[in-house]
Amino acid sequence: MEVINIQGTDDTPNVILDKNNNKFEISGRSLPEDVNMFYEPIMDWIDGYAEAPNEKTEFNFKLEYFNTASSKIILDILLKFEEIVESGHDVKIKWHYHEEEEDMLEAGEEYADIVEIPFEYEAYTD
Amino acid sequence: MENSHENHSFLDFAYQLYRTMKTNEISLVYEGEVTQDITKTFTSLTEKSLAKSEESNAVQRKVFNVMVECLQNISKHADALSEEEDERRGIVMVSKGDDCYNIITGNVIKNGKIPGLKENLEQVNSLDKKGLSDLYKKQMKEGRISDKGGAGLGLIDIAKKTGSELSYQFKKISDEVSFFILTSTIRRNN
């Protein structure tokens, strides 16, 4: 599978989706006005990945900020991985948050309430 | 002579404005079109000035987040003052008080949209932290992203992040439109 490697900007995140090296990460800021446009290739990639996923997938979210439109898209991404879990594969979400930022931890916990995927929380410092 | 008089009173106004802004620690005032570029510029300006202050990380991030939602609300939902105009304009003001930051935004809204918006605001204000979180999750699951790119989550998110009631007002401009003012308050010591 092709590798997605998008460099982040002021309002869009870094994205790495690399099946061969088993690396899946979205980090930085996600505040685009048009979330659909930015995330469309990412959703398409995940659809392709779901057809033949790795035995174990660890997806890392390390977001500093995201807007509410992005929060909806993040749920859509997680729901796609939930289907991968349902098809008998191992998926883990690693949710990183700044140690002083309870809001980001809570956001992760809210997703964990909605989707049936194991979450692991990891605090980081500056 | 007339000109010089006008000029003088404008300078006077500029000075009064400066004094008012200083006294109330208003760090940003803007009236105009609200685009994604404006949003990026204002949030990054505010972020830089907050980083220089002694404010806690958590408060800095709340101010940033709430500003993004308020500004993107204007760029997605503001209506034009008249049929001839097509710009999504608004006012934006950020002030710092002894115990809180206020983010005040205002924009024109069609009168027909007021009852629905009021209902959303009242619903959000009636909920506690748990209730807001449940509503947010429900809306994320059931909602769709509109053509304008909104997910119907902005107001819920602002209330969640600030932990304060959303204070708002509608000022009637004409039979067609009103001015909607929203004040979001972020407490400095939680």
# chains A, B, ... in the order shown; residues from 1 in each chain; ligands from 1

call {"tool": "residues_around", "arguments": {"residues": "Glu83 (chain B)", "least_positions_apart": "4", "cutoff": "12 Å", "atoms": "only C-alpha atoms", "output": "ChimeraX atom specification"}}
result
/B:79,87,110,176-177

call {"tool": "select_by_dssp", "arguments": {"residues": "region 28-169 of chain B", "states": "strand (DSSP E or B)", "output": "NGL selection string"}}
result
:B and (28-33 or 89-96 or 100-110 or 167-169)

call {"tool": "closest_residue", "arguments": {"among": "B:Leu155, B:Leu117, B:Leu127, B:Ile109", "to": "Gln72 (chain B)", "atoms": "only C-alpha atoms"}}
result
B:Leu155

call {"tool": "atom_distance", "arguments": {"atom1": "CA of Val34 (chain B)", "atom2": "CA of Ile91 (chain B)"}}
result
8.6 Å

call {"tool": "closest_atom_pairs", "arguments": {"of": "chain A", "to": "chain B", "cutoff": "6 Å", "atoms": "only C-alpha atoms", "output": "JSON lines"}}
result
{"residue": "A:Asp34", "atom": "CA", "partner": "B:Gly149", "partner_atom": "CA", "distance": 5.6}
{"residue": "A:Thr68", "atom": "CA", "partner": "B:Leu153", "partner_atom": "CA", "distance": 5.8}
{"residue": "A:Ala69", "atom": "CA", "partner": "B:Ala151", "partner_atom": "CA", "distance": 5.2}
{"residue": "A:Lys72", "atom": "CA", "partner": "B:Met140", "partner_atom": "CA", "distance": 5.4}
{"residue": "A:Glu100", "atom": "CA", "partner": "B:Ala58", "partner_atom": "CA", "distance": 5.9}
{"residue": "A:Glu101", "atom": "CA", "partner": "B:Ala58", "partner_atom": "CA", "distance": 5.4}

call {"tool": "residues_around", "arguments": {"residues": "region 16-28 of chain A", "least_positions_apart": "2", "cutoff": "6 Å", "atoms": "only C-alpha atoms", "output": "tab-separated table (two decimals) with C-alpha atoms, in the first residue's frame"}}
result
chain	number	residue	atom	x	y	z
A	3	VAL	CA	2.31	5.59	2.23
A	4	ILE	CA	0.50	8.76	3.29
A	5	ASN	CA	2.85	11.29	4.80
A	13	PRO	CA	-2.26	17.98	11.17
A	14	ASN	CA	0.73	15.78	10.37
A	59	PHE	CA	-3.07	4.21	15.93
A	60	ASN	CA	-1.54	7.27	17.59
A	61	PHE	CA	-3.47	10.50	18.09
A	62	LYS	CA	-1.28	13.27	19.39
A	63	LEU	CA	-3.33	16.40	18.82
A	64	GLU	CA	-2.68	19.77	20.28

call {"tool": "closest_atom_pairs", "arguments": {"of": "region 16-92 of chain A", "to": "region 106-123 of chain A", "cutoff": "12 Å", "atoms": "only C-alpha atoms", "output": "Markdown table"}}
result
| residue | atom | partner | partner_atom | distance |
| --- | --- | --- | --- | --- |
| A:Thr57 | CA | A:Ile117 | CA | 11.1 |
| A:Glu58 | CA | A:Phe119 | CA | 9.8 |
| A:Phe59 | CA | A:Phe119 | CA | 9.6 |
| A:Asn60 | CA | A:Glu120 | CA | 9.6 |
| A:Phe61 | CA | A:Gly108 | CA | 9.1 |
| A:Lys62 | CA | A:Glu122 | CA | 9.3 |
| A:Leu63 | CA | A:Gly108 | CA | 10.4 |
| A:Glu64 | CA | A:Ala107 | CA | 11.7 |
| A:Tyr65 | CA | A:Ala107 | CA | 10.9 |
| A:Phe66 | CA | A:Ala107 | CA | 10.2 |
| A:Asn67 | CA | A:Ala107 | CA | 11.6 |
| A:Thr68 | CA | A:Ala107 | CA | 10.9 |
| A:Ser71 | CA | A:Ala107 | CA | 8.8 |
| A:Lys72 | CA | A:Tyr111 | CA | 10.2 |
| A:Ile73 | CA | A:Tyr111 | CA | 11.6 |
| A:Ile74 | CA | A:Tyr111 | CA | 8.8 |
| A:Leu75 | CA | A:Tyr111 | CA | 6.9 |
| A:Asp76 | CA | A:Val115 | CA | 10.1 |
| A:Ile77 | CA | A:Val115 | CA | 10.5 |
| A:Leu78 | CA | A:Val115 | CA | 7.0 |
| A:Leu79 | CA | A:Val115 | CA | 6.6 |
| A:Lys80 | CA | A:Val115 | CA | 9.8 |
| A:Phe81 | CA | A:Ile117 | CA | 7.8 |
| A:Glu82 | CA | A:Ile117 | CA | 6.1 |
| A:Glu83 | CA | A:Glu116 | CA | 9.2 |
| A:Ile84 | CA | A:Ile117 | CA | 9.6 |
| A:Val85 | CA | A:Ile117 | CA | 7.1 |
| A:Glu86 | CA | A:Glu116 | CA | 8.9 |
| A:Gly88 | CA | A:Ile117 | CA | 11.8 |
| A:His89 | CA | A:Ile117 | CA | 10.7 |
| A:Asp90 | CA | A:Ile117 | CA | 9.0 |
| A:Val91 | CA | A:Ile117 | CA | 6.7 |
| A:Lys92 | CA | A:Pro118 | CA | 5.3 |

call {"tool": "write_last_selection", "arguments": {"atoms": "N, CA and C atoms", "output": "mmCIF file, in the first residue's frame"}}
result
data_model
loop_
_atom_site.group_PDB
_atom_site.id
_atom_site.type_symbol
_atom_site.label_atom_id
_atom_site.label_comp_id
_atom_site.auth_asym_id
_atom_site.auth_seq_id
_atom_site.Cartn_x
_atom_site.Cartn_y
_atom_site.Cartn_z
ATOM 1 N N THR A 57 -2.682 -3.255 14.880
ATOM 2 C CA THR A 57 -2.572 -1.852 14.473
ATOM 3 C C THR A 57 -2.564 -0.993 15.734
ATOM 4 N N GLU A 58 -1.587 -0.122 15.832
ATOM 5 C CA GLU A 58 -1.606 0.850 16.934
ATOM 6 C C GLU A 58 -1.710 2.236 16.305
ATOM 7 N N PHE A 59 -2.844 2.903 16.531
ATOM 8 C CA PHE A 59 -3.074 4.211 15.931
ATOM 9 C C PHE A 59 -2.810 5.284 16.986
ATOM 10 N N ASN A 60 -1.904 6.196 16.657
ATOM 11 C CA ASN A 60 -1.543 7.265 17.592
ATOM 12 C C ASN A 60 -2.226 8.574 17.242
ATOM 13 N N PHE A 61 -2.946 9.137 18.227
ATOM 14 C CA PHE A 61 -3.466 10.495 18.091
ATOM 15 C C PHE A 61 -2.689 11.363 19.060
ATOM 16 N N LYS A 62 -2.005 12.366 18.503
ATOM 17 C CA LYS A 62 -1.283 13.272 19.394
ATOM 18 C C LYS A 62 -1.619 14.695 18.965
ATOM 19 N N LEU A 63 -2.845 15.105 19.298
ATOM 20 C CA LEU A 63 -3.332 16.397 18.818
ATOM 21 C C LEU A 63 -3.206 17.476 19.875
ATOM 22 N N GLU A 64 -2.823 18.623 19.404
ATOM 23 C CA GLU A 64 -2.680 19.771 20.281
ATOM 24 C C GLU A 64 -4.021 20.515 20.341
ATOM 25 N N TYR A 65 -4.595 20.714 19.164
ATOM 26 C CA TYR A 65 -5.907 21.345 19.058
ATOM 27 C C TYR A 65 -6.688 20.679 17.953
ATOM 28 N N PHE A 66 -8.005 20.553 18.150
ATOM 29 C CA PHE A 66 -8.833 20.242 16.989
ATOM 30 C C PHE A 66 -10.172 20.943 17.116
ATOM 31 N N ASN A 67 -10.725 21.355 15.976
ATOM 32 C CA ASN A 67 -12.025 22.027 16.005
ATOM 33 C C ASN A 67 -13.137 20.983 16.018
ATOM 34 N N THR A 68 -14.362 21.467 16.210
ATOM 35 C CA THR A 68 -15.467 20.515 16.380
ATOM 36 C C THR A 68 -15.753 19.731 15.094
ATOM 37 N N SER A 71 -13.556 16.929 15.106
ATOM 38 C CA SER A 71 -13.886 15.919 16.112
ATOM 39 C C SER A 71 -14.865 14.897 15.530
ATOM 40 N N LYS A 72 -15.740 15.369 14.651
ATOM 41 C CA LYS A 72 -16.686 14.469 13.994
ATOM 42 C C LYS A 72 -15.940 13.508 13.044
ATOM 43 N N ILE A 73 -14.954 14.066 12.319
ATOM 44 C CA ILE A 73 -14.174 13.245 11.378
ATOM 45 C C ILE A 73 -13.329 12.215 12.141
ATOM 46 N N ILE A 74 -12.793 12.614 13.279
ATOM 47 C CA ILE A 74 -11.989 11.678 14.079
ATOM 48 C C ILE A 74 -12.873 10.492 14.497
ATOM 49 N N LEU A 75 -14.128 10.790 14.863
ATOM 50 C CA LEU A 75 -15.042 9.692 15.199
ATOM 51 C C LEU A 75 -15.248 8.776 13.992
ATOM 52 N N ASP A 76 -15.404 9.379 12.809
ATOM 53 C CA ASP A 76 -15.573 8.568 11.596
ATOM 54 C C ASP A 76 -14.357 7.656 11.361
ATOM 55 N N ILE A 77 -13.172 8.173 11.623
ATOM 56 C CA ILE A 77 -11.947 7.367 11.481
ATOM 57 C C ILE A 77 -11.994 6.201 12.477
ATOM 58 N N LEU A 78 -12.340 6.526 13.726
ATOM 59 C CA LEU A 78 -12.386 5.480 14.754
ATOM 60 C C LEU A 78 -13.418 4.412 14.421
ATOM 61 N N LEU A 79 -14.548 4.837 13.861
ATOM 62 C CA LEU A 79 -15.581 3.865 13.503
ATOM 63 C C LEU A 79 -15.094 2.904 12.419
ATOM 64 N N LYS A 80 -14.242 3.417 11.535
ATOM 65 C CA LYS A 80 -13.663 2.537 10.509
ATOM 66 C C LYS A 80 -12.743 1.493 11.171
ATOM 67 N N PHE A 81 -11.999 1.929 12.174
ATOM 68 C CA PHE A 81 -11.123 0.977 12.870
ATOM 69 C C PHE A 81 -11.916 0.007 13.743
ATOM 70 N N GLU A 82 -13.072 0.446 14.193
ATOM 71 C CA GLU A 82 -13.934 -0.447 14.951
ATOM 72 C C GLU A 82 -14.349 -1.638 14.075
ATOM 73 N N GLU A 83 -14.608 -1.338 12.802
ATOM 74 C CA GLU A 83 -14.966 -2.427 11.875
ATOM 75 C C GLU A 83 -13.802 -3.396 11.697
ATOM 76 N N ILE A 84 -12.593 -2.842 11.727
ATOM 77 C CA ILE A 84 -11.407 -3.708 11.599
ATOM 78 C C ILE A 84 -11.312 -4.623 12.827
ATOM 79 N N VAL A 85 -11.662 -4.075 13.994
ATOM 80 C CA VAL A 85 -11.692 -4.888 15.217
ATOM 81 C C VAL A 85 -12.738 -5.994 15.073
ATOM 82 N N GLU A 86 -13.914 -5.601 14.560
ATOM 83 C CA GLU A 86 -15.003 -6.561 14.399
ATOM 84 C C GLU A 86 -14.645 -7.685 13.431
ATOM 85 N N GLY A 88 -11.975 -9.150 13.392
ATOM 86 C CA GLY A 88 -11.066 -10.066 14.075
ATOM 87 C C GLY A 88 -9.609 -9.631 14.149
ATOM 88 N N HIS A 89 -9.347 -8.353 13.957
ATOM 89 C CA HIS A 89 -7.966 -7.877 14.048
ATOM 90 C C HIS A 89 -7.756 -7.063 15.317
ATOM 91 N N ASP A 90 -6.501 -6.983 15.680
ATOM 92 C CA ASP A 90 -6.134 -6.296 16.907
ATOM 93 C C ASP A 90 -5.876 -4.812 16.616
ATOM 94 N N VAL A 91 -6.642 -3.948 17.266
ATOM 95 C CA VAL A 91 -6.414 -2.507 17.085
ATOM 96 C C VAL A 91 -6.328 -1.860 18.459
ATOM 97 N N LYS A 92 -5.375 -0.951 18.595
ATOM 98 C CA LYS A 92 -5.286 -0.187 19.846
ATOM 99 C C LYS A 92 -5.141 1.289 19.488
#

call {"tool": "closest_residue", "arguments": {"among": "B:Ile26, B:Ala159, B:Ala78, B:Cys100", "to": "Val124 (chain B)", "atoms": "only C-alpha atoms"}}
result
B:Ala159

call {"tool": "atom_distance", "arguments": {"atom1": "CA of Cys70 (chain B)", "atom2": "CA of Tyr15 (chain B)"}}
result
28.7 Å

call {"tool": "decode", "arguments": {"residues": "region 106-120 of chain A", "atoms": "all heavy atoms", "output": "PDB file, in the first residue's frame"}}
result
ATOM      1  N   GLU A 106     -10.176  14.184  28.270  1.00  0.00           N
ATOM      2  CA  GLU A 106     -11.625  13.932  28.266  1.00  0.00           C
ATOM      3  C   GLU A 106     -12.139  13.634  26.865  1.00  0.00           C
ATOM      4  O   GLU A 106     -13.017  12.779  26.689  1.00  0.00           O
ATOM      5  CB  GLU A 106     -12.381  15.140  28.846  1.00  0.00           C
ATOM      6  CG  GLU A 106     -12.335  15.164  30.363  1.00  0.00           C
ATOM      7  CD  GLU A 106     -12.895  16.453  30.962  1.00  0.00           C
ATOM      8  OE1 GLU A 106     -13.592  17.201  30.242  1.00  0.00           O
ATOM      9  OE2 GLU A 106     -12.612  16.724  32.138  1.00  0.00           O
ATOM     10  N   ALA A 107     -11.588  14.336  25.875  1.00  0.00           N
ATOM     11  CA  ALA A 107     -12.009  14.087  24.491  1.00  0.00           C
ATOM     12  C   ALA A 107     -11.721  12.630  24.127  1.00  0.00           C
ATOM     13  O   ALA A 107     -12.569  11.950  23.534  1.00  0.00           O
ATOM     14  CB  ALA A 107     -11.295  15.030  23.537  1.00  0.00           C
ATOM     15  N   GLY A 108     -10.550  12.147  24.521  1.00  0.00           N
ATOM     16  CA  GLY A 108     -10.203  10.755  24.253  1.00  0.00           C
ATOM     17  C   GLY A 108     -11.154   9.800  24.953  1.00  0.00           C
ATOM     18  O   GLY A 108     -11.612   8.807  24.377  1.00  0.00           O
ATOM     19  N   GLU A 109     -11.486  10.127  26.197  1.00  0.00           N
ATOM     20  CA  GLU A 109     -12.396   9.261  26.965  1.00  0.00           C
ATOM     21  C   GLU A 109     -13.798   9.227  26.345  1.00  0.00           C
ATOM     22  O   GLU A 109     -14.475   8.194  26.385  1.00  0.00           O
ATOM     23  CB  GLU A 109     -12.457   9.739  28.426  1.00  0.00           C
ATOM     24  CG  GLU A 109     -11.155   9.459  29.162  1.00  0.00           C
ATOM     25  CD  GLU A 109     -11.055  10.132  30.530  1.00  0.00           C
ATOM     26  OE1 GLU A 109     -11.834  11.066  30.811  1.00  0.00           O
ATOM     27  OE2 GLU A 109     -10.184   9.726  31.317  1.00  0.00           O
ATOM     28  N   GLU A 110     -14.195  10.355  25.776  1.00  0.00           N
ATOM     29  CA  GLU A 110     -15.508  10.380  25.115  1.00  0.00           C
ATOM     30  C   GLU A 110     -15.532   9.443  23.902  1.00  0.00           C
ATOM     31  O   GLU A 110     -16.495   8.719  23.697  1.00  0.00           O
ATOM     32  CB  GLU A 110     -15.861  11.810  24.687  1.00  0.00           C
ATOM     33  CG  GLU A 110     -16.335  12.655  25.864  1.00  0.00           C
ATOM     34  CD  GLU A 110     -16.616  14.099  25.494  1.00  0.00           C
ATOM     35  OE1 GLU A 110     -16.264  14.537  24.377  1.00  0.00           O
ATOM     36  OE2 GLU A 110     -17.182  14.807  26.338  1.00  0.00           O
ATOM     37  N   TYR A 111     -14.438   9.478  23.133  1.00  0.00           N
ATOM     38  CA  TYR A 111     -14.372   8.555  21.995  1.00  0.00           C
ATOM     39  C   TYR A 111     -14.381   7.105  22.465  1.00  0.00           C
ATOM     40  O   TYR A 111     -15.035   6.246  21.886  1.00  0.00           O
ATOM     41  CB  TYR A 111     -13.117   8.809  21.157  1.00  0.00           C
ATOM     42  CG  TYR A 111     -13.175  10.071  20.344  1.00  0.00           C
ATOM     43  CD1 TYR A 111     -12.215  11.062  20.493  1.00  0.00           C
ATOM     44  CD2 TYR A 111     -14.189  10.275  19.414  1.00  0.00           C
ATOM     45  CE1 TYR A 111     -12.263  12.229  19.735  1.00  0.00           C
ATOM     46  CE2 TYR A 111     -14.247  11.434  18.656  1.00  0.00           C
ATOM     47  CZ  TYR A 111     -13.286  12.407  18.820  1.00  0.00           C
ATOM     48  OH  TYR A 111     -13.340  13.553  18.077  1.00  0.00           O
ATOM     49  N   ALA A 112     -13.646   6.845  23.536  1.00  0.00           N
ATOM     50  CA  ALA A 112     -13.567   5.475  24.054  1.00  0.00           C
ATOM     51  C   ALA A 112     -14.939   4.979  24.511  1.00  0.00           C
ATOM     52  O   ALA A 112     -15.232   3.787  24.448  1.00  0.00           O
ATOM     53  CB  ALA A 112     -12.564   5.415  25.209  1.00  0.00           C
ATOM     54  N   ASP A 113     -15.801   5.924  24.955  1.00  0.00           N
ATOM     55  CA  ASP A 113     -17.175   5.570  25.333  1.00  0.00           C
ATOM     56  C   ASP A 113     -17.993   5.139  24.130  1.00  0.00           C
ATOM     57  O   ASP A 113     -18.902   4.325  24.244  1.00  0.00           O
ATOM     58  CB  ASP A 113     -17.900   6.806  25.912  1.00  0.00           C
ATOM     59  CG  ASP A 113     -17.571   7.028  27.370  1.00  0.00           C
ATOM     60  OD1 ASP A 113     -16.948   6.143  27.967  1.00  0.00           O
ATOM     61  OD2 ASP A 113     -17.953   8.087  27.897  1.00  0.00           O
ATOM     62  N   ILE A 114     -17.699   5.765  22.992  1.00  0.00           N
ATOM     63  CA  ILE A 114     -18.534   5.531  21.811  1.00  0.00           C
ATOM     64  C   ILE A 114     -18.110   4.284  21.029  1.00  0.00           C
ATOM     65  O   ILE A 114     -18.946   3.505  20.599  1.00  0.00           O
ATOM     66  CB  ILE A 114     -18.525   6.762  20.869  1.00  0.00           C
ATOM     67  CG1 ILE A 114     -18.991   8.023  21.619  1.00  0.00           C
ATOM     68  CG2 ILE A 114     -19.409   6.520  19.647  1.00  0.00           C
ATOM     69  CD1 ILE A 114     -18.922   9.302  20.803  1.00  0.00           C
ATOM     70  N   VAL A 115     -16.797   4.131  20.834  1.00  0.00           N
ATOM     71  CA  VAL A 115     -16.343   3.024  19.972  1.00  0.00           C
ATOM     72  C   VAL A 115     -15.785   1.857  20.791  1.00  0.00           C
ATOM     73  O   VAL A 115     -15.254   2.047  21.887  1.00  0.00           O
ATOM     74  CB  VAL A 115     -15.276   3.493  18.947  1.00  0.00           C
ATOM     75  CG1 VAL A 115     -15.876   4.492  17.972  1.00  0.00           C
ATOM     76  CG2 VAL A 115     -14.046   4.063  19.631  1.00  0.00           C
ATOM     77  N   GLU A 116     -15.937   0.667  20.213  1.00  0.00           N
ATOM     78  CA  GLU A 116     -15.445  -0.537  20.880  1.00  0.00           C
ATOM     79  C   GLU A 116     -14.018  -0.842  20.428  1.00  0.00           C
ATOM     80  O   GLU A 116     -13.791  -1.772  19.671  1.00  0.00           O
ATOM     81  CB  GLU A 116     -16.362  -1.724  20.540  1.00  0.00           C
ATOM     82  CG  GLU A 116     -17.808  -1.552  20.965  1.00  0.00           C
ATOM     83  CD  GLU A 116     -18.019  -1.835  22.444  1.00  0.00           C
ATOM     84  OE1 GLU A 116     -17.238  -2.621  23.005  1.00  0.00           O
ATOM     85  OE2 GLU A 116     -18.941  -1.247  23.026  1.00  0.00           O
ATOM     86  N   ILE A 117     -13.093  -0.003  20.879  1.00  0.00           N
ATOM     87  CA  ILE A 117     -11.673  -0.232  20.589  1.00  0.00           C
ATOM     88  C   ILE A 117     -10.929   0.091  21.886  1.00  0.00           C
ATOM     89  O   ILE A 117     -11.280   1.061  22.556  1.00  0.00           O
ATOM     90  CB  ILE A 117     -11.120   0.726  19.492  1.00  0.00           C
ATOM     91  CG1 ILE A 117     -12.050   0.803  18.279  1.00  0.00           C
ATOM     92  CG2 ILE A 117      -9.711   0.318  19.050  1.00  0.00           C
ATOM     93  CD1 ILE A 117     -11.607   1.829  17.240  1.00  0.00           C
ATOM     94  N   PRO A 118      -9.939  -0.711  22.255  1.00  0.00           N
ATOM     95  CA  PRO A 118      -9.186  -0.353  23.468  1.00  0.00           C
ATOM     96  C   PRO A 118      -8.384   0.941  23.290  1.00  0.00           C
ATOM     97  O   PRO A 118      -7.747   1.135  22.252  1.00  0.00           O
ATOM     98  CB  PRO A 118      -8.248  -1.545  23.688  1.00  0.00           C
ATOM     99  CG  PRO A 118      -8.464  -2.490  22.562  1.00  0.00           C
ATOM    100  CD  PRO A 118      -9.537  -1.982  21.674  1.00  0.00           C
ATOM    101  N   PHE A 119      -8.483   1.784  24.290  1.00  0.00           N
ATOM    102  CA  PHE A 119      -7.734   3.054  24.298  1.00  0.00           C
ATOM    103  C   PHE A 119      -6.653   2.995  25.359  1.00  0.00           C
ATOM    104  O   PHE A 119      -6.858   2.446  26.444  1.00  0.00           O
ATOM    105  CB  PHE A 119      -8.677   4.215  24.661  1.00  0.00           C
ATOM    106  CG  PHE A 119      -9.305   4.906  23.491  1.00  0.00           C
ATOM    107  CD1 PHE A 119     -10.169   4.217  22.652  1.00  0.00           C
ATOM    108  CD2 PHE A 119      -9.056   6.248  23.233  1.00  0.00           C
ATOM    109  CE1 PHE A 119     -10.778   4.859  21.572  1.00  0.00           C
ATOM    110  CE2 PHE A 119      -9.656   6.907  22.158  1.00  0.00           C
ATOM    111  CZ  PHE A 119     -10.519   6.213  21.329  1.00  0.00           C
ATOM    112  N   GLU A 120      -5.537   3.611  25.040  1.00  0.00           N
ATOM    113  CA  GLU A 120      -4.479   3.767  26.032  1.00  0.00           C
ATOM    114  C   GLU A 120      -4.140   5.255  26.056  1.00  0.00           C
ATOM    115  O   GLU A 120      -3.971   5.867  24.999  1.00  0.00           O
ATOM    116  CB  GLU A 120      -3.271   2.949  25.575  1.00  0.00           C
ATOM    117  CG  GLU A 120      -2.328   2.561  26.676  1.00  0.00           C
ATOM    118  CD  GLU A 120      -1.210   1.699  26.098  1.00  0.00           C
ATOM    119  OE1 GLU A 120      -1.464   0.527  25.782  1.00  0.00           O
ATOM    120  OE2 GLU A 120      -0.097   2.247  25.937  1.00  0.00           O
TER     121      GLU A 120
END
